[in-house]
>>> print(open('work-v3.cif').read())   # mmCIF, C-alpha atoms (C1' of nucleotides)
data_input
loop_
_atom_site.label_atom_id
_atom_site.label_comp_id
_atom_site.auth_asym_id
_atom_site.auth_seq_id
_atom_site.Cartn_x
_atom_site.Cartn_y
_atom_site.Cartn_z
CA MET T 1 6.69 34.95 -26.15
CA ILE T 2 8.68 33.61 -23.28
CA HIS T 3 7.30 33.31 -19.81
CA SER T 4 9.64 35.47 -17.82
CA SER T 5 10.04 34.02 -14.37
CA GLY T 6 8.76 37.25 -12.88
CA ALA T 7 5.70 37.62 -15.09
CA THR T 8 3.34 34.68 -14.82
CA GLY T 9 5.82 32.30 -13.24
CA LYS T 10 4.31 30.24 -10.46
CA THR T 11 7.27 30.67 -8.15
CA GLU T 12 6.66 34.27 -7.29
CA ASP T 13 3.10 34.70 -8.45
CA SER T 14 1.60 31.48 -7.08
CA ALA T 15 -1.38 32.19 -9.36
CA SER T 16 -2.88 28.90 -10.54
CA SER T 17 -4.18 30.20 -13.86
CA GLU T 18 -4.98 28.10 -16.89
CA ASN T 19 -1.57 27.88 -18.45
CA ALA T 20 0.56 28.07 -15.36
CA PRO T 21 3.66 25.86 -15.45
CA VAL T 22 3.34 22.67 -13.44
CA ASN T 23 6.40 22.27 -11.27
CA ASP T 24 6.08 18.85 -9.72
CA PRO T 25 7.30 15.92 -11.75
CA MET T 26 4.84 13.30 -12.89
CA THR T 27 5.39 10.23 -10.72
CA GLY T 28 3.90 6.80 -10.11
CA GLU T 29 1.40 8.06 -7.55
CA ASN T 30 -1.39 7.76 -10.05
CA GLY T 31 -0.63 4.10 -10.50
CA ILE T 32 1.28 4.45 -13.73
CA ASP T 33 4.31 2.25 -14.31
CA PHE T 34 6.85 4.83 -15.45
CA PRO T 35 9.95 2.74 -14.79
CA ILE T 36 9.02 0.08 -17.32
CA ILE T 37 7.53 2.55 -19.79
CA GLU T 38 10.83 4.40 -19.85
CA LEU T 39 13.03 1.33 -19.81
CA LEU T 40 11.22 0.07 -22.89
CA PHE T 41 11.80 3.39 -24.62
CA PHE T 42 15.52 3.53 -23.84
CA ALA T 43 16.12 -0.17 -24.44
CA TYR T 44 14.46 -0.10 -27.83
CA ARG T 45 16.18 3.13 -28.81
CA ASP T 46 19.61 1.59 -28.32
CA PHE T 47 18.59 -1.85 -29.56
CA THR T 48 17.77 -0.39 -32.96
CA SER T 49 20.82 1.85 -33.10
CA ASP T 50 23.17 -1.09 -33.71
CA PRO T 51 21.78 -2.16 -37.09
CA ASP T 52 21.12 1.45 -38.11
CA GLN T 53 24.83 2.03 -38.50
CA ILE T 54 25.31 -1.01 -40.70
CA LEU T 55 22.25 -0.18 -42.78
CA ALA T 56 23.52 3.33 -43.46
CA GLN T 57 26.52 1.86 -45.29
CA TYR T 58 24.14 0.22 -47.76
CA GLY T 59 21.90 3.25 -48.07
CA PHE T 60 19.19 1.27 -46.34
CA GLY T 61 16.94 2.10 -43.41
CA ARG T 62 14.97 0.31 -40.75
CA ALA T 63 12.26 -0.56 -43.21
CA HIS T 64 14.74 -2.60 -45.23
CA HIS T 65 15.91 -4.28 -42.06
CA ARG T 66 12.44 -5.47 -41.14
CA VAL T 67 11.77 -6.78 -44.63
CA VAL T 68 15.05 -8.61 -45.00
CA HIS T 69 14.70 -10.04 -41.50
CA PHE T 70 11.30 -11.60 -41.95
CA VAL T 71 12.06 -12.86 -45.44
CA ASN T 72 15.06 -14.66 -43.99
CA ARG T 73 13.07 -16.04 -41.11
CA MET T 74 10.16 -17.15 -43.27
CA PRO T 75 11.53 -17.86 -46.74
CA GLY T 76 8.75 -18.28 -49.27
CA LEU T 77 6.28 -16.01 -47.56
CA THR T 78 4.01 -14.03 -49.82
CA VAL T 79 3.75 -10.28 -50.14
CA ALA T 80 0.37 -10.34 -48.38
CA GLU T 81 1.79 -12.28 -45.46
CA LEU T 82 4.69 -9.88 -45.13
CA LEU T 83 2.31 -6.91 -45.10
CA ASP T 84 0.44 -8.61 -42.31
CA VAL T 85 3.53 -8.96 -40.17
CA LEU T 86 4.81 -5.46 -40.82
CA GLN T 87 1.41 -3.79 -40.54
CA ILE T 88 2.08 -1.34 -43.35
CA THR T 89 0.50 -0.72 -46.75
CA LYS T 90 1.66 -2.37 -49.94
CA GLN T 91 2.70 1.03 -51.32
CA SER T 92 5.04 1.50 -48.39
CA LEU T 93 6.48 -1.94 -48.83
CA ALA T 94 6.87 -1.51 -52.59
CA ARG T 95 9.67 1.02 -52.35
CA VAL T 96 11.94 -0.86 -50.02
CA LEU T 97 11.15 -4.23 -51.54
CA LYS T 98 12.07 -2.95 -54.99
CA GLN T 99 15.43 -1.80 -53.68
CA LEU T 100 16.10 -5.12 -52.02
CA LEU T 101 15.19 -6.92 -55.24
CA ASP T 102 17.36 -4.59 -57.35
CA THR T 103 20.36 -5.04 -55.08
CA GLY T 104 20.00 -8.81 -55.16
CA HIS T 105 19.21 -9.35 -51.49
CA ILE T 106 15.80 -10.83 -52.16
CA VAL T 107 14.27 -12.70 -55.09
CA GLN T 108 10.67 -13.40 -56.00
CA VAL T 109 9.43 -16.79 -57.10
CA GLN T 110 6.03 -17.22 -58.64
CA GLY T 111 3.82 -19.53 -56.62
CA ARG T 112 3.23 -22.94 -58.14
CA GLN T 113 -0.20 -23.57 -56.73
CA ASP T 114 -1.34 -19.98 -56.92
CA ARG T 115 0.57 -18.27 -59.67
CA ARG T 116 -0.63 -14.83 -58.61
CA GLN T 117 1.52 -15.06 -55.53
CA ARG T 118 5.07 -13.72 -55.37
CA LYS T 119 6.93 -15.74 -52.83
CA LEU T 120 9.90 -13.97 -51.31
CA TYR T 121 13.25 -15.62 -50.71
CA PRO T 122 16.58 -14.25 -49.58
CA THR T 123 19.67 -14.73 -51.72
CA PRO T 124 22.94 -15.72 -50.06
CA LYS T 125 23.74 -12.00 -50.09
CA GLY T 126 20.46 -11.24 -48.35
CA ARG T 127 21.06 -13.96 -45.80
CA ALA T 128 24.49 -12.54 -45.03
CA LEU T 129 23.06 -9.05 -44.55
CA SER T 130 20.34 -10.31 -42.26
CA LEU T 131 22.82 -12.17 -40.09
CA ALA T 132 25.12 -9.16 -39.97
CA LEU T 133 22.25 -7.00 -38.73
CA ALA T 134 21.12 -9.52 -36.13
CA ALA T 135 24.60 -10.14 -34.71
CA PRO T 136 25.08 -6.91 -32.73
CA GLN T 137 21.51 -7.06 -31.46
CA SER T 138 22.06 -10.58 -30.24
CA ARG T 139 25.29 -9.58 -28.56
CA ARG T 140 23.50 -6.75 -26.77
CA ILE T 141 20.83 -9.16 -25.57
CA ALA T 142 23.41 -11.67 -24.36
CA LYS T 143 25.13 -8.94 -22.36
CA ALA T 144 21.86 -7.81 -20.81
CA LEU T 145 20.96 -11.38 -19.90
CA ARG T 146 24.19 -11.66 -17.96
CA ASP T 147 22.69 -9.13 -15.54
CA VAL T 148 19.91 -11.53 -14.57
CA GLU T 149 19.69 -15.00 -13.03
CA GLN T 150 19.49 -18.10 -15.15
CA GLY T 151 15.85 -18.98 -15.48
CA ASP T 152 14.82 -15.36 -15.65
CA ARG T 153 14.99 -15.62 -19.39
CA GLN T 154 11.71 -17.43 -19.42
CA ALA T 155 10.04 -14.66 -17.41
CA ILE T 156 11.42 -12.03 -19.78
CA GLU T 157 10.11 -13.91 -22.80
CA ARG T 158 6.73 -14.35 -21.19
CA PHE T 159 6.56 -10.69 -20.27
CA LEU T 160 7.45 -9.51 -23.76
CA ARG T 161 4.99 -11.92 -25.30
CA GLY T 162 2.34 -10.60 -22.93
CA MET T 163 2.98 -7.11 -24.28
CA VAL T 164 1.88 -8.17 -27.76
CA ASN T 165 -1.76 -7.87 -28.80
CA PRO T 166 -3.29 -11.31 -28.18
CA GLU T 167 -4.70 -11.59 -31.69
CA LEU T 168 -1.23 -10.95 -33.13
CA ARG T 169 0.66 -13.49 -31.02
CA ALA T 170 0.07 -16.07 -33.71
CA GLN T 171 2.65 -14.19 -35.80
CA ILE T 172 5.28 -15.03 -33.20
CA ASP T 173 4.30 -18.68 -33.15
CA LYS T 174 4.71 -18.90 -36.90
CA LEU T 175 8.41 -18.15 -36.70
CA PRO T 176 10.86 -21.03 -36.58
CA HIS T 177 11.70 -21.67 -32.97
CA GLY T 178 14.55 -24.11 -33.18
CA ASN T 179 18.22 -24.15 -32.47
CA ARG T 180 17.80 -27.75 -33.47
CA ALA T 181 18.72 -29.44 -36.74
CA LYS T 182 17.42 -27.62 -39.77
CA ASP T 183 14.60 -29.26 -41.66
CA ASN T 184 15.47 -27.83 -45.07
CA GLY T 185 12.89 -26.96 -47.67
CA ASP T 186 10.59 -23.99 -47.78
CA TYR T 187 9.44 -22.36 -44.59
CA ARG T 188 5.99 -23.34 -45.64
CA ASP T 189 5.38 -25.31 -48.80
CA GLY T 190 3.85 -23.36 -51.64
CA MET E 1 11.27 -10.06 -64.00
CA ILE E 2 9.92 -12.81 -61.85
CA HIS E 3 11.79 -15.98 -61.11
CA SER E 4 9.46 -18.60 -62.48
CA SER E 5 9.65 -21.74 -60.43
CA GLY E 6 10.72 -23.68 -63.50
CA ALA E 7 13.41 -21.27 -64.68
CA THR E 8 16.11 -20.73 -62.08
CA GLY E 9 14.15 -22.06 -59.14
CA LYS E 10 16.25 -24.20 -56.88
CA THR E 11 13.55 -26.82 -56.45
CA GLU E 12 13.84 -28.29 -59.90
CA ASP E 13 17.12 -26.86 -61.03
CA SER E 14 19.18 -27.38 -57.89
CA ALA E 15 21.69 -24.92 -59.37
CA SER E 16 23.44 -23.01 -56.59
CA SER E 17 24.20 -19.86 -58.57
CA GLU E 18 24.89 -16.42 -57.14
CA ASN E 19 21.36 -15.20 -56.72
CA ALA E 20 19.64 -18.48 -56.06
CA PRO E 21 16.85 -18.30 -53.51
CA VAL E 22 17.79 -19.60 -50.09
CA ASN E 23 15.11 -21.98 -48.89
CA ASP E 24 16.01 -22.80 -45.34
CA PRO E 25 14.85 -20.38 -42.69
CA MET E 26 17.42 -18.49 -40.66
CA THR E 27 17.52 -20.07 -37.21
CA GLY E 28 19.44 -19.83 -33.97
CA GLU E 29 22.09 -22.31 -35.06
CA ASN E 30 24.55 -19.51 -35.61
CA GLY E 31 24.13 -18.47 -31.99
CA ILE E 32 21.79 -15.56 -32.68
CA ASP E 33 18.96 -14.94 -30.23
CA PHE E 34 16.03 -14.59 -32.61
CA PRO E 35 13.28 -15.18 -30.04
CA ILE E 36 14.15 -12.12 -28.01
CA ILE E 37 15.03 -10.01 -31.05
CA GLU E 38 11.57 -10.66 -32.42
CA LEU E 39 9.75 -10.36 -29.13
CA LEU E 40 11.24 -6.92 -28.69
CA PHE E 41 10.07 -5.92 -32.14
CA PHE E 42 6.51 -7.14 -31.65
CA ALA E 43 6.23 -5.91 -28.06
CA TYR E 44 7.40 -2.43 -28.95
CA ARG E 45 5.22 -2.27 -32.04
CA ASP E 46 2.09 -2.86 -29.99
CA PHE E 47 3.31 -0.89 -26.98
CA THR E 48 3.50 2.26 -29.11
CA SER E 49 0.24 1.61 -30.92
CA ASP E 50 -1.84 2.52 -27.85
CA PRO E 51 -0.79 6.17 -27.59
CA ASP E 52 -0.65 6.53 -31.37
CA GLN E 53 -4.43 6.38 -31.53
CA ILE E 54 -4.87 9.07 -28.90
CA LEU E 55 -2.22 11.28 -30.48
CA ALA E 56 -3.94 11.10 -33.86
CA GLN E 57 -6.97 12.85 -32.37
CA TYR E 58 -4.78 15.84 -31.51
CA GLY E 59 -2.93 15.82 -34.81
CA PHE E 60 0.18 14.80 -32.94
CA GLY E 61 2.69 12.02 -33.52
CA ARG E 62 5.18 10.00 -31.56
CA ALA E 63 7.61 12.87 -31.51
CA HIS E 64 5.12 14.95 -29.55
CA HIS E 65 4.59 12.05 -27.18
CA ARG E 66 8.25 11.78 -26.31
CA VAL E 67 8.61 15.50 -25.76
CA VAL E 68 5.52 15.87 -23.60
CA HIS E 69 6.48 12.78 -21.63
CA PHE E 70 9.95 13.89 -20.64
CA VAL E 71 8.87 17.46 -19.94
CA ASN E 72 6.30 16.06 -17.52
CA ARG E 73 8.80 13.73 -15.95
CA MET E 74 11.50 16.40 -15.63
CA PRO E 75 9.77 19.77 -15.39
CA GLY E 76 12.20 22.62 -15.83
CA LEU E 77 14.61 20.77 -18.05
CA THR E 78 16.32 22.85 -20.71
CA VAL E 79 16.11 22.43 -24.47
CA ALA E 80 19.66 21.12 -24.52
CA GLU E 81 18.91 18.49 -21.90
CA LEU E 82 15.83 17.38 -23.79
CA LEU E 83 17.81 17.02 -27.00
CA ASP E 84 20.24 14.84 -25.09
CA VAL E 85 17.52 12.49 -23.94
CA LEU E 86 15.77 12.28 -27.29
CA GLN E 87 18.98 12.05 -29.32
CA ILE E 88 17.66 14.23 -32.11
CA THR E 89 18.69 17.59 -33.56
CA LYS E 90 17.33 20.91 -32.40
CA GLN E 91 15.77 21.48 -35.83
CA SER E 92 13.83 18.27 -35.43
CA LEU E 93 12.72 19.23 -31.96
CA ALA E 94 11.77 22.76 -33.00
CA ARG E 95 8.76 21.75 -35.06
CA VAL E 96 7.04 19.58 -32.48
CA LEU E 97 7.99 21.80 -29.58
CA LYS E 98 6.48 24.82 -31.32
CA GLN E 99 3.20 22.96 -31.76
CA LEU E 100 3.13 21.91 -28.11
CA LEU E 101 3.78 25.51 -27.07
CA ASP E 102 1.12 26.87 -29.43
CA THR E 103 -1.48 24.39 -28.19
CA GLY E 104 -0.71 25.26 -24.58
CA HIS E 105 0.62 21.88 -23.51
CA ILE E 106 4.05 23.21 -22.63
CA VAL E 107 5.38 26.59 -21.55
CA GLN E 108 8.87 28.02 -21.51
CA VAL E 109 10.34 29.91 -18.59
CA GLN E 110 13.52 31.87 -18.94
CA GLY E 111 16.24 30.60 -16.64
CA ARG E 112 17.00 32.81 -13.69
CA GLN E 113 20.64 31.95 -13.28
CA ASP E 114 21.32 31.57 -16.98
CA ARG E 115 18.84 33.69 -18.87
CA ARG E 116 19.78 32.11 -22.21
CA GLN E 117 18.11 28.90 -21.10
CA ARG E 118 14.48 28.12 -21.87
CA LYS E 119 13.24 25.81 -19.18
CA LEU E 120 10.33 23.63 -20.22
CA TYR E 121 7.29 22.98 -18.04
CA PRO E 122 4.00 21.26 -18.72
CA THR E 123 0.73 23.11 -18.22
CA PRO E 124 -2.17 21.30 -16.52
CA LYS E 125 -3.36 20.53 -20.04
CA GLY E 126 0.01 19.05 -20.92
CA ARG E 127 0.07 17.03 -17.72
CA ALA E 128 -3.35 15.62 -18.52
CA LEU E 129 -2.28 14.65 -22.01
CA SER E 130 0.85 12.95 -20.75
CA LEU E 131 -1.10 10.91 -18.23
CA ALA E 132 -3.69 9.97 -20.84
CA LEU E 133 -0.93 8.66 -23.10
CA ALA E 134 0.80 6.73 -20.33
CA ALA E 135 -2.36 5.09 -19.01
CA PRO E 136 -2.94 2.48 -21.75
CA GLN E 137 0.76 1.67 -21.86
CA SER E 138 0.77 1.09 -18.12
CA ARG E 139 -2.30 -1.12 -18.40
CA ARG E 140 -0.61 -3.19 -21.07
CA ILE E 141 2.45 -3.61 -18.87
CA ALA E 142 0.34 -4.61 -15.86
CA LYS E 143 -1.38 -7.26 -17.94
CA ALA E 144 1.91 -8.63 -19.20
CA LEU E 145 3.34 -8.74 -15.70
CA ARG E 146 0.43 -10.94 -14.65
CA ASP E 147 1.95 -13.62 -16.88
CA VAL E 148 5.10 -13.81 -14.73
CA GLU E 149 5.92 -14.61 -11.14
CA GLN E 150 6.17 -11.95 -8.51
CA GLY E 151 9.80 -11.03 -8.21
CA ASP E 152 10.39 -11.46 -11.90
CA ARG E 153 9.74 -7.78 -12.30
CA GLN E 154 13.18 -7.02 -10.96
CA ALA E 155 14.76 -9.32 -13.52
CA ILE E 156 12.81 -7.66 -16.32
CA GLU E 157 13.90 -4.21 -15.21
CA ARG E 158 17.50 -5.33 -14.95
CA PHE E 159 17.38 -6.90 -18.38
CA LEU E 160 15.90 -3.81 -20.02
CA ARG E 161 18.41 -1.59 -18.27
CA GLY E 162 21.17 -3.86 -19.50
CA MET E 163 19.97 -3.27 -23.05
CA VAL E 164 20.72 0.43 -22.77
CA ASN E 165 24.13 1.81 -23.74
CA PRO E 166 26.10 2.01 -20.47
CA GLU E 167 27.03 5.66 -21.02
CA LEU E 168 23.36 6.55 -21.41
CA ARG E 169 22.06 4.76 -18.33
CA ALA E 170 22.57 7.95 -16.34
CA GLN E 171 19.55 9.34 -18.20
CA ILE E 172 17.40 6.69 -16.57
CA ASP E 173 18.77 7.45 -13.13
CA LYS E 174 17.90 11.13 -13.54
CA LEU E 175 14.19 10.36 -13.73
CA PRO E 176 12.11 10.52 -10.56
CA HIS E 177 11.87 7.02 -9.18
CA GLY E 178 9.29 7.35 -6.46
CA ASN E 179 5.77 6.27 -5.84
CA ARG E 180 6.42 7.99 -2.56
CA ALA E 181 5.27 11.42 -1.40
CA LYS E 182 5.91 14.18 -3.87
CA ASP E 183 8.61 16.66 -3.02
CA ASN E 184 7.16 19.61 -4.91
CA GLY E 185 9.28 22.26 -6.55
CA ASP E 186 11.25 22.04 -9.75
CA TYR E 187 12.61 18.76 -10.89
CA ARG E 188 15.99 20.32 -10.57
CA ASP E 189 16.37 23.85 -9.33
CA GLY E 190 17.22 26.46 -11.92
"C1'" DT J 1 -18.28 -19.26 -70.51
"C1'" DT J 2 -18.55 -15.16 -68.19
"C1'" DA J 3 -18.26 -12.40 -64.16
"C1'" DT J 4 -16.18 -11.45 -59.97
"C1'" DT J 5 -12.69 -11.60 -56.66
"C1'" DT J 6 -7.94 -11.91 -55.31
"C1'" DA J 7 -2.79 -10.98 -55.30
"C1'" DC J 8 0.08 -7.93 -56.73
"C1'" DG J 9 2.09 -3.74 -59.01
"C1'" DT J 10 2.23 1.13 -59.86
"C1'" DC J 11 1.32 6.19 -60.31
"C1'" DA J 12 0.46 10.44 -57.89
"C1'" DA J 13 0.11 13.28 -54.05
"C1'" DC J 14 0.74 14.04 -49.40
"C1'" DA J 15 2.32 14.01 -44.09
"C1'" DT J 16 5.52 13.18 -40.46
"C1'" DA J 17 9.80 13.16 -38.63
"C1'" DG J 18 14.20 12.90 -39.03
"C1'" DC J 19 18.68 15.11 -41.20
"C1'" DT J 20 22.58 18.91 -42.68
"C1'" DG J 21 24.12 23.51 -43.27
"C1'" DA J 22 23.91 28.29 -42.57
"C1'" DC J 23 22.94 32.25 -40.11
"C1'" DA J 24 21.06 35.34 -36.12
"C1'" DT J 25 20.63 36.89 -31.35
"C1'" DA J 26 21.14 37.43 -26.63
"C1'" DA J 27 23.58 36.32 -22.68
"C1'" DA J 28 27.44 34.33 -20.28
"C1'" DT J 29 32.28 34.04 -19.98
"C1'" DA J 30 37.24 34.67 -21.08
"C1'" DT W 1 36.14 43.54 -25.85
"C1'" DA W 2 36.11 39.06 -27.93
"C1'" DT W 3 34.50 34.56 -27.79
"C1'" DT W 4 31.59 30.93 -26.59
"C1'" DT W 5 27.11 29.09 -25.42
"C1'" DA W 6 21.95 28.33 -25.60
"C1'" DT W 7 18.56 28.85 -28.44
"C1'" DG W 8 15.88 29.99 -32.63
"C1'" DT W 9 15.07 29.84 -37.51
"C1'" DC W 10 15.31 29.39 -42.69
"C1'" DA W 11 15.96 26.34 -46.52
"C1'" DG W 12 16.25 22.04 -48.52
"C1'" DC W 13 16.74 17.10 -48.44
"C1'" DT W 14 15.64 12.03 -47.17
"C1'" DA W 15 13.13 8.08 -45.32
"C1'" DT W 16 9.01 6.08 -44.35
"C1'" DG W 17 4.59 6.07 -43.74
"C1'" DT W 18 -0.37 7.33 -45.66
"C1'" DT W 19 -4.78 7.47 -49.18
"C1'" DG W 20 -6.82 6.97 -53.58
"C1'" DA W 21 -7.02 5.35 -58.15
"C1'" DC W 22 -6.14 2.26 -61.67
"C1'" DG W 23 -4.22 -2.00 -64.20
"C1'" DT W 24 -3.27 -6.95 -64.90
"C1'" DA W 25 -3.11 -11.75 -64.42
"C1'" DA W 26 -4.93 -15.61 -62.30
"C1'" DA W 27 -8.18 -18.01 -59.40
"C1'" DT W 28 -12.85 -18.78 -58.39
"C1'" DA W 29 -17.97 -18.29 -58.53
"C1'" DA W 30 -22.12 -17.86 -61.16
#
>>> encode(input="work-v3.cif", output="structure tokens")
Amino acid sequence: MIHSSGATGKTEDSASSENAPVNDPMTGENGIDFPIIELLFFAYRDFTSDPDQILAQYGFGRAHHRVVHFVNRMPGLTVAELLDVLQITKQSLARVLKQLLDTGHIVQVQGRQDRRQRKLYPTPKGRALSLALAAPQSRRIAKALRDVEQGDRQAIERFLRGMVNPELRAQIDKLPHGNRAKDNGDYRDG
Amino acid sequence: MIHSSGATGKTEDSASSENAPVNDPMTGENGIDFPIIELLFFAYRDFTSDPDQILAQYGFGRAHHRVVHFVNRMPGLTVAELLDVLQITKQSLARVLKQLLDTGHIVQVQGRQDRRQRKLYPTPKGRALSLALAAPQSRRIAKALRDVEQGDRQAIERFLRGMVNPELRAQIDKLPHGNRAKDNGDYRDG
DNA sequence: TTATTTACGTCAACATAGCTGACATAAATA
DNA sequence: TATTTATGTCAGCTATGTTGACGTAAATAA
């Protein structure tokens, strides 16, 4: 049933019944920060659209992207560690991980100390894919940073970090943070 | 089949075959901005986790959140306009919109000028839900902004805006941008 | 040694949220 | 009158998440 504008519509009726349409837009009067809420939505929507197009060519989705990204950033991490970062169940991971293994983007290496562990490494093919996915995102970021002053980068990083649950910020700190000379060898020795 | 560390593992073998595991972590050497790529991922992951918990109590998901949010921010917008903002198909929208109509969070009003249009309005119930979902997100943002200098907010907004596809930035400008006195009446007259 | 716990894999069933394609209807417009 | 537009709807498919149950090998505790 459609509310005809002449039936229960507020405009002519002015009845403030239970299900009357609310006409005034929700604004920041109530102290809510709509500008940043919405900017985050739009920014993230377009930020993820870049890799989506590349992934589609491989028959992959965002789930594959996340897996291949973190395996490349933390080579040698275990399945359990990856689940921790992604915050999904092992059954969810299993599907996409299997595909990435089958297509030769990722390989598993049995842990030496703990042979129950399956340490995940990218192959050269997996590394290339990960870089290809990151490139357009990085270009988008570089463009957006041109709109702000030098030195504002630090504020942006601090803000984004502040948006993360405090107990999960350790995950960020674990990632390699250098543009400096590479220190070869496993991300973390196993 | 698992790569045993003694079989084709690079460590002992040092063979650089096709599918050899890559041991060195992907870093910013190649000019890619990993810190911000990852901060966006983690920030958005936790940013959306707040409303997810509330939505679960209603049997709703993120799709419902987006719909109820934009209907509250732009009361009277048409189905076509909503599809434009959400960038999804009408079949996708249909399911969640039907639920929000059935549960009395949103009502439709036939357009007066163009009677084919179904203009969407929140009910008081829908307005309350939208505010309840926005509240924890706004609190998270306020906390994160405490980590930066006053005046950095503008840089953050500019950066996020710069992340959006230029041709879609008009969508942001359409949203009400005031903390100022409300100007009652439809978001845009129909 | 034996028992338990841990890391991982897998099967089955299910839910959400997106998609394409096809078709219907009412209202606006040419 | 014919066509286009705004919207709704049916059917089926895909991707990505979930829970629950069970199995196996290896590490660890008793």
>>> closest_atom_pairs(input="work-v3.cif", of="chain E", to="chain J", cutoff="7 Å", atoms="all atoms listed in the file", output="JSON lines")
{"residue": "E:Ser92", "atom": "CA", "partner": "J:DG18", "partner_atom": "C1'", "distance": 6.5}
{"residue": "E:Arg115", "atom": "CA", "partner": "J:DA27", "partner_atom": "C1'", "distance": 6.6}
{"residue": "E:Arg116", "atom": "CA", "partner": "J:DA27", "partner_atom": "C1'", "distance": 5.7}
>>> interface_residues(input="work-v3.cif", of="chain W", to="chain T", cutoff="10 Å", atoms="only C-alpha atoms (C1' of nucleotides)", output="MDAnalysis selection string")
chainID W and resid 15:18 25:27
>>> closest_atom_pairs(input="work-v3.cif", of="chain E", to="chain T", cutoff="6 Å", atoms="all atoms listed in the file", output="Markdown table")
| residue | atom | partner | partner_atom | distance |
| --- | --- | --- | --- | --- |
| E:Ile2 | CA | T:Gln108 | CA | 5.9 |
| E:His3 | CA | T:Val109 | CA | 4.7 |
| E:Ser4 | CA | T:Gln110 | CA | 5.3 |
| E:Ser5 | CA | T:Val109 | CA | 6.0 |
| E:Asn19 | CA | T:Thr123 | CA | 5.3 |
| E:Ala20 | CA | T:Thr123 | CA | 5.7 |
| E:Pro21 | CA | T:Thr123 | CA | 4.9 |
| E:Val22 | CA | T:Thr123 | CA | 5.5 |
| E:Asn23 | CA | T:Asp186 | CA | 5.1 |
| E:Asp24 | CA | T:Asn184 | CA | 5.1 |
| E:Pro25 | CA | T:Arg73 | CA | 4.9 |
| E:Met26 | CA | T:Arg73 | CA | 5.0 |
| E:Gly28 | CA | T:Asn179 | CA | 4.7 |
| E:Glu29 | CA | T:Asn179 | CA | 5.0 |
| E:Ile32 | CA | T:Ser138 | CA | 5.6 |
| E:Asp33 | CA | T:Ser138 | CA | 5.3 |
| E:Leu39 | CA | T:Leu160 | CA | 5.9 |
| E:Ala43 | CA | T:Val164 | CA | 4.9 |
| E:Asp46 | CA | T:Val164 | CA | 5.8 |
| E:Asn72 | CA | T:Met26 | CA | 5.6 |
| E:Arg73 | CA | T:Pro25 | CA | 5.0 |
| E:Met74 | CA | T:Pro25 | CA | 5.7 |
| E:Pro75 | CA | T:Pro25 | CA | 5.8 |
| E:Gln108 | CA | T:His3 | CA | 5.8 |
| E:Val109 | CA | T:His3 | CA | 4.7 |
| E:Gln110 | CA | T:Ser4 | CA | 5.4 |
| E:Tyr121 | CA | T:Pro21 | CA | 5.3 |
| E:Pro122 | CA | T:Val22 | CA | 5.5 |
| E:Thr123 | CA | T:Pro21 | CA | 4.9 |
| E:Ser138 | CA | T:Asp33 | CA | 5.3 |
| E:Ala144 | CA | T:Gly162 | CA | 4.2 |
| E:Leu145 | CA | T:Phe159 | CA | 5.9 |
| E:Val148 | CA | T:Ala155 | CA | 5.7 |
| E:Ala155 | CA | T:Val148 | CA | 5.7 |
| E:Ile156 | CA | T:Ile156 | CA | 5.7 |
| E:Phe159 | CA | T:Ala144 | CA | 5.2 |
| E:Leu160 | CA | T:Ala43 | CA | 5.7 |
| E:Gly162 | CA | T:Ala144 | CA | 4.2 |
| E:Met163 | CA | T:Ala43 | CA | 5.1 |
| E:Val164 | CA | T:Ala43 | CA | 4.9 |
| E:Asn179 | CA | T:Gly28 | CA | 4.7 |
| E:Asn184 | CA | T:Asp24 | CA | 5.0 |
| E:Gly185 | CA | T:Asn23 | CA | 5.5 |
| E:Asp186 | CA | T:Asn23 | CA | 5.1 |
>>> atom_distance(input="work-v3.cif", atom1="atom CA of T:Val79", atom2="atom CA of T:Gln99")
14.9 Å
